[in-house]
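Reviewing the structure listed below.
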Amino acid sequence: MVLASKIVGGEKRVKLIHFGALGYGHNYSEKAKKSYLARSAKIRDKNGKLTKNDPWSANHWARKILWPVSKPAHGPRYT
């Protein structure tokens, strides 16, 4: 989970965002990583906006922390 904050209308707002799950084998192969990043790039919120660059979405944090583009796939977390 991540605690995200932003300023809206001069007021600071904070939101706790849950994403992923313990025990999942995130980012376990290059093929899975490529497939996930392609699918998740198209996820939209209820207003029709893409969520991959919205820091208040779970999709954004999953792509950034669990499936980072700049790092290679690292295999299963638990064997």
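Chains: A, B, ... in order of the structure tokens. Residues: from 1 per chain. Ligands: from 1, in order shown.
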Residues at most 9 Å from Lys6 (chain A), counting only C-alpha atoms, excluding those fewer than 5 positions away in the same chain, as a PyMOL selection string? chain A and resi 11-15+55-56
Just write the chosen residues, N, CA and C atoms, as a CSV table (one decimal), in the first residue's frame.
```csv
chain,number,residue,atom,x,y,z
A,11,GLU,N,-6.1,22.8,-0.8
A,11,GLU,CA,-6.2,21.9,0.4
A,11,GLU,C,-5.5,20.6,0.1
A,12,LYS,N,-4.7,20.1,1.1
A,12,LYS,CA,-4.0,18.9,0.9
A,12,LYS,C,-4.9,17.7,1.1
A,13,ARG,N,-4.9,16.8,0.2
A,13,ARG,CA,-5.8,15.6,0.3
A,13,ARG,C,-4.8,14.4,0.4
A,14,VAL,N,-5.2,13.4,1.2
A,14,VAL,CA,-4.4,12.2,1.4
A,14,VAL,C,-5.3,11.0,1.1
A,15,LYS,N,-4.7,10.0,0.5
A,15,LYS,CA,-5.5,8.7,0.2
A,15,LYS,C,-4.5,7.5,0.3
A,55,PRO,N,-1.5,9.2,-10.1
A,55,PRO,CA,-0.9,8.7,-8.8
A,55,PRO,C,-2.0,8.3,-7.7
A,56,TRP,N,-3.2,8.5,-8.0
A,56,TRP,CA,-4.3,8.1,-7.1
A,56,TRP,C,-4.9,6.8,-7.5
```
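Among the residues of region 1-68 of chain A, backbone DSSP assigns strand (DSSP E) to Val2, Leu3, Ala4, Ser5, Lys6, Ile7, Val8, Glu11, Lys12, Arg13, Val14, Lys15, Leu16 and Ile17 of chain A.
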Would you mind exporting the chosen residues as a PDB file, in the first residue's frame, restricted to C-alpha atoms?
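Below you can see selection.pdb, which holds the result:
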```
ATOM      1  CA  VAL A   2       1.011   3.612  -0.577  1.00  0.00           C
ATOM      2  CA  LEU A   3      -0.024   6.856   1.080  1.00  0.00           C
ATOM      3  CA  ALA A   4      -0.500   9.347  -1.765  1.00  0.00           C
ATOM      4  CA  SER A   5      -1.184  13.049  -1.365  1.00  0.00           C
ATOM      5  CA  LYS A   6      -2.043  15.954  -3.628  1.00  0.00           C
ATOM      6  CA  ILE A   7      -3.217  19.530  -3.323  1.00  0.00           C
ATOM      7  CA  VAL A   8      -6.725  20.236  -4.606  1.00  0.00           C
ATOM      8  CA  GLU A  11      -6.240  21.902   0.355  1.00  0.00           C
ATOM      9  CA  LYS A  12      -3.969  18.885   0.887  1.00  0.00           C
ATOM     10  CA  ARG A  13      -5.757  15.580   0.349  1.00  0.00           C
ATOM     11  CA  VAL A  14      -4.384  12.182   1.353  1.00  0.00           C
ATOM     12  CA  LYS A  15      -5.452   8.730   0.183  1.00  0.00           C
ATOM     13  CA  LEU A  16      -4.279   5.224   1.152  1.00  0.00           C
ATOM     14  CA  ILE A  17      -3.968   3.068  -1.969  1.00  0.00           C
TER      15      ILE A  17
END
```
For a quick check of understanding, using only C-alpha atoms, which of A:Lys31, A:Asp54, A:Ala73, A:Met1 has the smallest distance to His18 (chain A)?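 Checking each candidate against His18 (chain A), we get A:Met1 as the closest.
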To one decimal place in Å, what is the distance between CA of Phe19 (chain A) and CA of Ala62 (chain A)? 6.2 Å
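Nearest to Lys71 (chain A) of all the residues A:Glu30, A:Ser35, A:Gly9, A:Asn47 is A:Glu30, counting only C-alpha atoms.
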Residues near Tyr36 (chain A), anyone? I mean within 9 Å using only C-alpha atoms, not counting same-chain ones fewer than 3 positions away, as a PyMOL selection string. chain A and resi 27+31-33+39-41+63+67
Check chain A with DSSP on the backbone and list each residue it calls alpha helix (DSSP H), as a ChimeraX atom specification. /A:30-40,58-61
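Nearest residue to Pro72 (chain A) among A:Tyr28, A:Ala38, A:Thr51, A:Ala21 is A:Tyr28, counting only C-alpha atoms.
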